[in-house]
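Colleague: The structure file entry.csv (CSV, C-alpha atoms) is provided below.
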chain,number,residue,atom,x,y,z
M,1,VAL,CA,-29.9,34.6,-20.5
M,2,LEU,CA,-32.6,37.1,-21.1
M,3,ILE,CA,-36.2,36.2,-20.0
M,4,ASN,CA,-39.5,37.9,-20.9
M,5,GLU,CA,-41.7,39.5,-18.3
M,6,GLN,CA,-44.2,36.6,-18.3
M,7,LEU,CA,-41.5,34.1,-17.2
M,8,SER,CA,-40.1,36.6,-14.8
M,9,ARG,CA,-43.5,37.0,-13.0
M,10,ARG,CA,-44.3,33.3,-13.2
M,11,LEU,CA,-41.1,32.1,-11.6
M,12,GLN,CA,-40.4,35.2,-9.5
M,13,LEU,CA,-37.1,35.9,-11.2
M,14,ALA,CA,-35.1,39.1,-11.6
M,15,SER,CA,-31.8,40.2,-13.0
M,16,GLY,CA,-29.0,38.3,-11.2
M,17,ASP,CA,-31.0,35.3,-10.3
M,18,ARG,CA,-30.1,31.8,-11.5
M,19,LEU,CA,-32.2,29.7,-13.9
M,20,THR,CA,-31.8,26.0,-14.7
M,21,LEU,CA,-32.5,25.0,-18.3
M,22,THR,CA,-32.5,21.6,-20.0
M,23,LEU,CA,-31.4,21.9,-23.6
M,24,ALA,CA,-30.9,18.8,-25.9
M,25,GLY,CA,-30.8,16.6,-22.8
M,26,GLU,CA,-28.2,18.6,-21.0
M,27,THR,CA,-29.0,20.6,-17.9
M,28,GLY,CA,-27.2,23.9,-17.3
M,29,ASP,CA,-27.3,26.7,-14.8
M,30,TYR,CA,-27.7,30.2,-16.3
M,31,GLN,CA,-27.7,33.7,-14.8
M,32,VAL,CA,-30.6,36.0,-15.7
M,33,ALA,CA,-29.0,39.0,-17.4
M,34,GLY,CA,-32.2,41.0,-17.8
M,35,VAL,CA,-36.0,41.0,-18.3
M,36,TYR,CA,-37.6,42.3,-21.4
M,37,ALA,CA,-41.2,43.3,-22.2
M,38,ASP,CA,-43.2,41.0,-24.4
M,39,TYR,CA,-46.7,42.4,-24.6
M,40,GLY,CA,-49.6,40.3,-25.8
M,41,ARG,CA,-48.1,36.8,-25.3
M,42,PRO,CA,-48.8,34.6,-22.4
M,43,ALA,CA,-45.9,32.2,-23.0
M,44,GLY,CA,-42.6,32.3,-21.2
M,45,GLU,CA,-39.5,32.9,-23.3
M,46,VAL,CA,-35.8,32.7,-22.9
M,47,LEU,CA,-33.1,34.3,-25.1
M,48,LEU,CA,-29.5,33.2,-25.1
M,49,SER,CA,-26.5,33.3,-27.4
M,50,GLU,CA,-25.8,30.3,-29.6
M,51,THR,CA,-22.4,30.1,-28.0
M,52,HIS,CA,-24.1,28.9,-24.8
M,53,LEU,CA,-26.0,26.2,-26.5
M,54,PRO,CA,-24.8,22.6,-26.0
M,55,GLU,CA,-23.2,20.8,-28.9
M,56,PRO,CA,-26.1,18.3,-29.5
M,57,PHE,CA,-28.7,21.1,-29.7
M,58,ARG,CA,-30.4,21.4,-33.1
M,59,PRO,CA,-33.0,24.1,-33.8
M,60,ARG,CA,-36.4,23.0,-34.9
M,61,PHE,CA,-36.5,25.9,-37.5
M,62,GLN,CA,-34.3,28.7,-38.8
M,63,SER,CA,-35.5,32.1,-39.9
M,64,LEU,CA,-33.9,34.7,-42.1
M,65,THR,CA,-35.1,38.3,-42.7
M,66,LEU,CA,-34.2,39.9,-46.0
M,67,GLY,CA,-34.7,43.5,-47.0
M,68,LEU,CA,-35.3,43.6,-50.7
M,69,GLU,CA,-34.7,46.4,-53.1
M,70,PRO,CA,-37.8,48.1,-54.5
M,71,SER,CA,-36.7,47.1,-58.0
M,72,ALA,CA,-36.7,43.3,-57.1
M,73,SER,CA,-39.0,41.4,-59.4
M,74,GLY,CA,-40.8,38.1,-59.1
M,75,MET,CA,-38.1,36.3,-61.0
M,76,ASP,CA,-35.5,37.6,-58.6
M,77,LEU,CA,-37.5,36.3,-55.7
M,78,GLU,CA,-37.9,32.9,-57.3
M,79,VAL,CA,-34.1,32.6,-57.9
M,80,LEU,CA,-33.4,33.6,-54.3
M,81,ARG,CA,-36.0,31.1,-53.1
M,82,GLN,CA,-34.3,28.3,-55.0
M,83,GLN,CA,-30.8,29.2,-53.8
M,84,LEU,CA,-32.0,29.2,-50.2
M,85,MET,CA,-33.6,25.8,-50.6
M,86,ALA,CA,-30.4,24.5,-52.1
M,87,THR,CA,-28.2,26.0,-49.3
M,88,TRP,CA,-30.4,24.7,-46.5
M,89,GLN,CA,-31.1,21.4,-48.3
M,90,VAL,CA,-34.9,21.7,-47.7
M,91,THR,CA,-37.8,21.0,-50.1
M,92,GLU,CA,-40.0,24.0,-49.1
M,93,LEU,CA,-39.8,27.4,-47.4
M,94,GLN,CA,-42.4,29.2,-45.3
M,95,GLU,CA,-42.4,32.8,-46.4
M,96,ARG,CA,-43.9,35.9,-44.8
M,97,ASP,CA,-44.2,39.3,-46.4
M,98,ASN,CA,-43.4,41.5,-43.4
M,99,ALA,CA,-44.4,44.7,-45.3
M,100,THR,CA,-47.9,43.4,-45.9
M,101,ILE,CA,-48.2,42.1,-42.3
M,102,GLU,CA,-47.1,45.6,-41.1
M,103,ARG,CA,-49.7,47.4,-43.2
M,104,ILE,CA,-52.5,45.1,-42.0
M,105,ALA,CA,-51.3,45.5,-38.4
M,106,VAL,CA,-51.2,49.3,-38.6
M,107,ALA,CA,-54.7,49.3,-40.2
M,108,ILE,CA,-56.0,47.2,-37.3
M,109,PHE,CA,-54.3,49.4,-34.7
M,110,ASP,CA,-55.7,52.5,-36.3
M,111,GLN,CA,-59.2,51.1,-36.2
M,112,THR,CA,-58.7,50.1,-32.5
M,113,PHE,CA,-57.4,53.5,-31.6
M,114,ALA,CA,-60.3,55.2,-33.5
M,115,LEU,CA,-62.8,53.1,-31.6
M,116,THR,CA,-61.0,53.9,-28.3
M,117,ARG,CA,-61.2,57.6,-29.1
M,118,ALA,CA,-64.8,57.4,-30.0
M,119,ILE,CA,-65.6,55.6,-26.7
M,120,SER,CA,-63.6,58.2,-24.8
M,121,LEU,CA,-65.5,61.1,-26.5
M,122,LEU,CA,-68.8,59.4,-25.8
M,123,THR,CA,-67.9,59.0,-22.1
M,124,LEU,CA,-66.7,62.6,-21.8
M,125,GLY,CA,-69.9,63.7,-23.5
M,126,LEU,CA,-72.1,61.8,-21.1
M,127,ALA,CA,-70.2,63.0,-18.1
M,128,ALA,CA,-70.4,66.6,-19.4
M,129,ALA,CA,-74.2,66.3,-19.9
M,130,ALA,CA,-74.6,64.9,-16.4
M,131,LEU,CA,-72.5,67.7,-14.9
M,132,LEU,CA,-74.4,70.3,-16.9
M,133,MET,CA,-77.8,69.0,-15.7
M,134,THR,CA,-76.7,68.6,-12.1
M,135,GLY,CA,-75.2,72.1,-11.9
M,136,TRP,CA,-78.2,73.6,-13.5
M,137,VAL,CA,-80.6,71.8,-11.1
M,138,VAL,CA,-78.6,72.8,-8.1
M,139,LEU,CA,-78.3,76.5,-9.0
M,140,ARG,CA,-81.9,76.7,-10.2
M,141,SER,CA,-83.1,75.3,-6.8
M,142,ARG,CA,-81.2,78.2,-5.2
M,143,ALA,CA,-82.3,80.9,-7.6
M,144,TRP,CA,-84.3,82.7,-4.8
M,145,TYR,CA,-81.2,82.9,-2.6
M,146,LEU,CA,-79.2,84.3,-5.6
M,147,GLN,CA,-81.9,86.8,-6.2
M,148,LEU,CA,-81.5,88.1,-2.7
M,149,LEU,CA,-78.0,89.3,-3.6
M,150,SER,CA,-79.7,91.8,-5.9
M,151,ALA,CA,-81.9,92.9,-3.1
M,152,TRP,CA,-78.8,93.4,-1.0
M,153,GLY,CA,-77.3,95.8,-3.5
M,154,LEU,CA,-75.5,93.7,-6.1
M,155,SER,CA,-76.0,94.9,-9.7
M,156,ALA,CA,-77.0,92.5,-12.4
M,157,ARG,CA,-73.5,92.4,-13.8
M,158,GLN,CA,-72.0,91.7,-10.3
M,159,LEU,CA,-74.6,88.9,-9.7
M,160,GLN,CA,-73.6,87.3,-13.0
M,161,ARG,CA,-70.0,87.5,-12.1
M,162,GLN,CA,-70.6,85.9,-8.7
M,163,VAL,CA,-72.5,83.0,-10.3
M,164,ARG,CA,-69.8,82.5,-12.9
M,165,LEU,CA,-67.1,82.5,-10.2
M,166,LEU,CA,-69.2,80.1,-8.1
M,167,MET,CA,-69.5,77.5,-11.0
M,168,LEU,CA,-65.9,77.9,-12.2
M,169,GLY,CA,-64.7,77.3,-8.6
M,170,LEU,CA,-66.9,74.3,-8.3
M,171,MET,CA,-65.6,72.8,-11.5
M,172,VAL,CA,-62.0,73.4,-10.5
M,173,ARG,CA,-62.6,71.6,-7.2
M,174,LEU,CA,-64.3,68.7,-9.1
M,175,THR,CA,-61.2,68.4,-11.3
M,176,LEU,CA,-58.8,68.4,-8.3
M,177,ALA,CA,-61.0,65.9,-6.5
M,178,ALA,CA,-61.3,63.5,-9.5
M,179,LEU,CA,-57.7,63.3,-10.5
M,180,PRO,CA,-56.3,61.4,-7.5
M,181,PRO,CA,-58.9,58.6,-7.6
M,182,GLY,CA,-58.4,58.4,-11.4
M,183,ILE,CA,-54.6,58.0,-11.0
M,184,VAL,CA,-55.0,55.4,-8.3
M,185,LEU,CA,-57.5,53.4,-10.4
M,186,THR,CA,-55.2,53.5,-13.4
M,187,TRP,CA,-52.3,52.3,-11.3
M,188,ILE,CA,-54.3,49.4,-9.9
M,189,LEU,CA,-55.3,48.4,-13.4
M,190,VAL,CA,-51.8,48.7,-14.9
M,191,ALA,CA,-49.7,47.4,-12.0
M,192,ARG,CA,-52.0,44.9,-10.3
M,193,ILE,CA,-54.9,43.6,-12.5
M,194,ASN,CA,-53.0,43.5,-15.8
M,195,PRO,CA,-50.1,41.3,-14.6
M,196,VAL,CA,-52.5,38.9,-12.8
M,197,ALA,CA,-54.8,38.6,-15.9
M,198,PHE,CA,-52.2,38.6,-18.7
M,199,GLY,CA,-48.8,38.1,-17.1
M,200,TRP,CA,-47.5,41.4,-18.4
M,201,SER,CA,-48.0,45.1,-17.7
M,202,LEU,CA,-47.7,48.3,-19.7
M,203,PRO,CA,-45.7,51.1,-18.3
M,204,MET,CA,-47.9,53.7,-16.7
M,205,ALA,CA,-47.6,57.2,-18.3
M,206,VAL,CA,-48.9,60.5,-17.1
M,207,TYR,CA,-50.5,63.0,-19.5
M,208,PRO,CA,-50.8,66.5,-17.9
M,209,LEU,CA,-52.0,67.9,-21.2
M,210,PHE,CA,-55.0,65.6,-21.1
M,211,TRP,CA,-55.8,66.8,-17.6
M,212,LEU,CA,-55.7,70.4,-18.8
M,213,GLN,CA,-58.1,69.4,-21.6
M,214,LEU,CA,-60.5,68.0,-19.0
M,215,LEU,CA,-60.2,71.1,-16.9
M,216,GLY,CA,-60.9,73.2,-19.9
M,217,LEU,CA,-64.0,71.1,-20.6
M,218,LEU,CA,-65.2,71.5,-17.0
M,219,LEU,CA,-64.7,75.2,-17.1
M,220,VAL,CA,-66.8,75.5,-20.3
M,221,ILE,CA,-69.5,73.4,-18.6
M,222,GLY,CA,-69.3,75.8,-15.6
M,223,LEU,CA,-69.7,78.8,-17.9
M,224,LEU,CA,-72.7,77.2,-19.6
M,225,VAL,CA,-74.4,76.4,-16.3
M,226,ALA,CA,-73.7,80.0,-15.0
M,227,TRP,CA,-75.1,81.5,-18.2
M,228,TRP,CA,-78.2,79.2,-18.1
M,229,THR,CA,-78.8,80.1,-14.4
M,230,VAL,CA,-78.3,83.8,-14.8
M,231,ARG,CA,-80.6,83.8,-17.8
M,232,GLY,CA,-83.4,82.4,-15.6
M,233,LEU,CA,-82.9,84.7,-12.6
M,234,GLY,CA,-85.7,87.2,-12.2
M,235,PRO,CA,-88.5,88.3,-10.0
M,236,GLU,CA,-90.4,85.1,-10.6
M,237,ALA,CA,-87.9,83.1,-8.5
M,238,THR,CA,-90.0,81.7,-5.6
M,239,ALA,CA,-88.8,81.6,-2.0
M,240,PRO,CA,-88.3,78.1,-0.6
M,241,LYS,CA,-90.9,76.8,1.8
M,242,THR,CA,-89.6,76.9,5.4
M,243,MET,CA,-90.9,75.5,8.6
M,244,MET,CA,-90.3,76.8,12.1
M,245,LEU,CA,-91.1,75.2,15.4
M,246,ALA,CA,-92.8,77.7,17.7
M,247,SER,CA,-94.0,77.4,21.3
M,248,GLY,CA,-97.6,77.3,20.2
M,249,GLY,CA,-97.1,74.6,17.5
M,250,VAL,CA,-95.9,74.6,14.0
M,251,GLU,CA,-95.7,77.8,12.0
M,252,ARG,CA,-95.3,77.6,8.2
Could you render the structure from this file as structure tokens?
Modeller:
Amino acid sequence: VLINEQLSRRLQLASGDRLTLTLAGETGDYQVAGVYADYGRPAGEVLLSETHLPEPFRPRFQSLTLGLEPSASGMDLEVLRQQLMATWQVTELQERDNATIERIAVAIFDQTFALTRAISLLTLGLAAAALLMTGWVVLRSRAWYLQLLSAWGLSARQLQRQVRLLMLGLMVRLTLAALPPGIVLTWILVARINPVAFGWSLPMAVYPLFWLQLLGLLLVIGLLVAWWTVRGLGPEATAPKTMMLASGGVER
């Protein structure tokens, strides 16, 4: 038999284990041939060939999937419906238009993904604004020290280059420091929280291109902070207040 991931996790079963099933009043011992993913459903499920079903077993319902030609008309469908009812000896059929269901499902998924992208962009925007303000405040608070570099012989162009390198290096370090915690948190969500909460888990995928996009965004932020800081450097930069302890008391 094949079992879905929910049943596998619930009963702690894997390929090669034995599973006891009672079908139509008869109990049988089956070997688990494999586990398949069944996202979005909490119920356990078993798949097996009809050749393994006991003789008294009768299905509660039967389903048939038909692919119709584009030229099929309403009259053709009605004739087919009547023929199926006569063949199965039933008085009614429950029909589902899979094409319409697929269109509705795709539209819902598109809306969900659009909302997810919007939330991601909003989160990135807020993080970028926070980094931008933090970097600017940090560098502006050290403007006087940066101005000393000019007094020590650095030209304006060299000073600007040093500030840019400083911020770009900081952003690269931030990226490298943030990636490992992000990967670990994603793994905890996918491999631990998801199975406990829903009984199934999605395969964890890695997207290096997205990491490169984040690095590019951080580098742009670094350049903006550097530009903003260099633009504000000038003789008006005030020296920080220092305090020294002397033998005669406090000297400010």
Colleague: Excluding range 170-181 of chain M and its own-chain neighbours fewer than 4 positions away, which residues fall within 7 Å of it when counting all atoms listed in the file? Please give them as a PyMOL selection string.
Modeller: chain M and resi 166+185+215+218-219+222
Colleague: Quick one: of M:Gly25, M:Leu146, M:Ser201, M:Ser71, who's nearest to Glu55 in chain M, counting only C-alpha atoms?
Modeller: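 Closest candidate: M:Gly25.
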Colleague: Would you list the residues near (-29.4, 40.5, -18.1), meaning any protein, DNA or RNA residue with an atom at most 7 Å from that point in file coordinates, counting all atoms listed in the file, as a PDB file with C-alpha atoms, keeping the file's coordinate frame?
Modeller:
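The result, written out as result-v1.pdb:
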ATOM      1  CA  VAL M   1     -29.900  34.600 -20.500  1.00  0.00           C
ATOM      2  CA  LEU M   2     -32.600  37.100 -21.100  1.00  0.00           C
ATOM      3  CA  SER M  15     -31.800  40.200 -13.000  1.00  0.00           C
ATOM      4  CA  VAL M  32     -30.600  36.000 -15.700  1.00  0.00           C
ATOM      5  CA  ALA M  33     -29.000  39.000 -17.400  1.00  0.00           C
ATOM      6  CA  GLY M  34     -32.200  41.000 -17.800  1.00  0.00           C
ATOM      7  CA  VAL M  35     -36.000  41.000 -18.300  1.00  0.00           C
TER       8      VAL M  35
END
Colleague: What is the distance, in Å and to one decimal place, between CA of Ser150 in chain M and CA of Leu131 in chain M?
Modeller: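 Separation between CA of Ser150 in chain M and CA of Leu131 in chain M: 26.7 Å.
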Colleague: Could you tell me which of M:Leu115, M:Ala14, M:Ala143, M:Leu80 comes closest to Leu93 in chain M if we count only C-alpha atoms?
Modeller: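 Looking at the shortest contact to Leu93 in chain M, the residue is M:Leu80.
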Colleague: Excluding Tyr36 in chain M and residues on its chain fewer than 6 positions from it, collect all residues at most 8 Å away from it, counting all atoms listed in the file, and give them as a list of chain:residue names.
Modeller: M:Leu2, M:Ile3, M:Asn4, M:Glu5
Colleague: Output C-alpha atoms of each residue in that selection to a file, as a PDB file, keeping the file's coordinate frame.
Modeller:
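Dumped everything to again.pdb:
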ATOM      1  CA  LEU M   2     -32.600  37.100 -21.100  1.00  0.00           C
ATOM      2  CA  ILE M   3     -36.200  36.200 -20.000  1.00  0.00           C
ATOM      3  CA  ASN M   4     -39.500  37.900 -20.900  1.00  0.00           C
ATOM      4  CA  GLU M   5     -41.700  39.500 -18.300  1.00  0.00           C
TER       5      GLU M   5
END
Colleague: Could you jot down the CA of Val230 in chain M to CA of Leu121 in chain M separation for me, Å, one decimal place?
Modeller: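 So the answer is 28.6 Å.
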Colleague: For Gln162 in chain M, find every residue with an atom within 12 Å (counting all atoms listed in the file), except residues of its own chain fewer than 5 positions away, and show them as JSON, numbers by chain.
Modeller: {"M": [146, 147, 149, 150, 154, 155, 156, 157, 167, 168, 169, 223, 226, 227, 229, 230]}
Colleague: Excluding same-chain residues fewer than 6 positions from range 38-45 of chain M, what lies within 12 Å of it counting only C-alpha atoms, as a PyMOL selection string?
Modeller: chain M and resi 1-11+13+21+194-203
Colleague: Would you work out the distance separating CA of Asp97 in chain M from CA of Glu69 in chain M, expressed in Å to one decimal?
Modeller: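 Separating CA of Asp97 in chain M from CA of Glu69 in chain M is a distance of 13.6 Å.
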Colleague: Counting all atoms listed in the file, select every polymer residue within 12 Å of (-67.8, 63.1, -19.4) as defined in the file's coordinates, and provide the selection as a count of residues only.
Modeller: 22
Colleague: Missing atoms in range 158-183 of chain M: fill them in up to N, CA and C atoms and send the result as a compact mmCIF listing (two decimals), in the frame of the given file.
Modeller:
# COMPACT_ATOMS: atom_id res chain seq x y z
N GLN M 158 -72.72 92.32 -11.43
CA GLN M 158 -72.00 91.70 -10.30
C GLN M 158 -72.59 90.35 -9.94
N LEU M 159 -73.92 90.23 -10.03
CA LEU M 159 -74.60 88.90 -9.70
C LEU M 159 -74.12 87.88 -10.76
N GLN M 160 -74.10 88.27 -12.02
CA GLN M 160 -73.60 87.30 -13.00
C GLN M 160 -72.20 86.90 -12.80
N ARG M 161 -71.38 87.86 -12.40
CA ARG M 161 -70.00 87.50 -12.10
C ARG M 161 -69.86 86.59 -10.93
N GLN M 162 -70.67 86.78 -9.90
CA GLN M 162 -70.60 85.90 -8.70
C GLN M 162 -71.05 84.48 -9.10
N VAL M 163 -72.08 84.37 -9.93
CA VAL M 163 -72.50 83.00 -10.30
C VAL M 163 -71.48 82.33 -11.18
N ARG M 164 -70.85 83.08 -12.09
CA ARG M 164 -69.80 82.50 -12.90
C ARG M 164 -68.63 82.01 -12.02
N LEU M 165 -68.19 82.86 -11.09
CA LEU M 165 -67.10 82.50 -10.20
C LEU M 165 -67.46 81.25 -9.36
N LEU M 166 -68.72 81.20 -8.93
CA LEU M 166 -69.20 80.10 -8.10
C LEU M 166 -69.07 78.76 -8.94
N MET M 167 -69.55 78.77 -10.17
CA MET M 167 -69.50 77.50 -11.00
C MET M 167 -68.10 77.19 -11.42
N LEU M 168 -67.29 78.19 -11.78
CA LEU M 168 -65.90 77.90 -12.20
C LEU M 168 -65.13 77.33 -11.00
N GLY M 169 -65.33 77.88 -9.81
CA GLY M 169 -64.70 77.30 -8.60
C GLY M 169 -65.10 75.92 -8.34
N LEU M 170 -66.40 75.64 -8.53
CA LEU M 170 -66.90 74.30 -8.30
C LEU M 170 -66.27 73.30 -9.28
N MET M 171 -66.14 73.69 -10.54
CA MET M 171 -65.60 72.80 -11.50
C MET M 171 -64.08 72.54 -11.29
N VAL M 172 -63.36 73.57 -10.87
CA VAL M 172 -62.00 73.40 -10.50
C VAL M 172 -61.81 72.40 -9.37
N ARG M 173 -62.68 72.54 -8.36
CA ARG M 173 -62.60 71.60 -7.20
C ARG M 173 -62.99 70.21 -7.65
N LEU M 174 -63.94 70.07 -8.55
CA LEU M 174 -64.30 68.70 -9.10
C LEU M 174 -63.10 68.10 -9.77
N THR M 175 -62.39 68.88 -10.58
CA THR M 175 -61.20 68.40 -11.30
C THR M 175 -60.15 67.90 -10.31
N LEU M 176 -59.84 68.74 -9.32
CA LEU M 176 -58.80 68.40 -8.30
C LEU M 176 -59.22 67.18 -7.51
N ALA M 177 -60.53 67.03 -7.25
CA ALA M 177 -61.00 65.90 -6.50
C ALA M 177 -61.01 64.60 -7.29
N ALA M 178 -61.21 64.72 -8.61
CA ALA M 178 -61.30 63.50 -9.50
C ALA M 178 -59.99 62.96 -9.89
N LEU M 179 -58.95 63.79 -9.99
CA LEU M 179 -57.70 63.30 -10.50
C LEU M 179 -57.02 62.25 -9.62
N PRO M 180 -56.90 62.44 -8.30
CA PRO M 180 -56.30 61.40 -7.50
C PRO M 180 -56.94 60.02 -7.58
N PRO M 181 -58.28 59.92 -7.45
CA PRO M 181 -58.90 58.60 -7.60
C PRO M 181 -58.65 58.01 -9.02
N GLY M 182 -58.65 58.87 -10.04
CA GLY M 182 -58.40 58.40 -11.40
C GLY M 182 -57.00 57.81 -11.55
N ILE M 183 -56.00 58.50 -10.96
CA ILE M 183 -54.60 58.00 -11.00
C ILE M 183 -54.48 56.70 -10.26
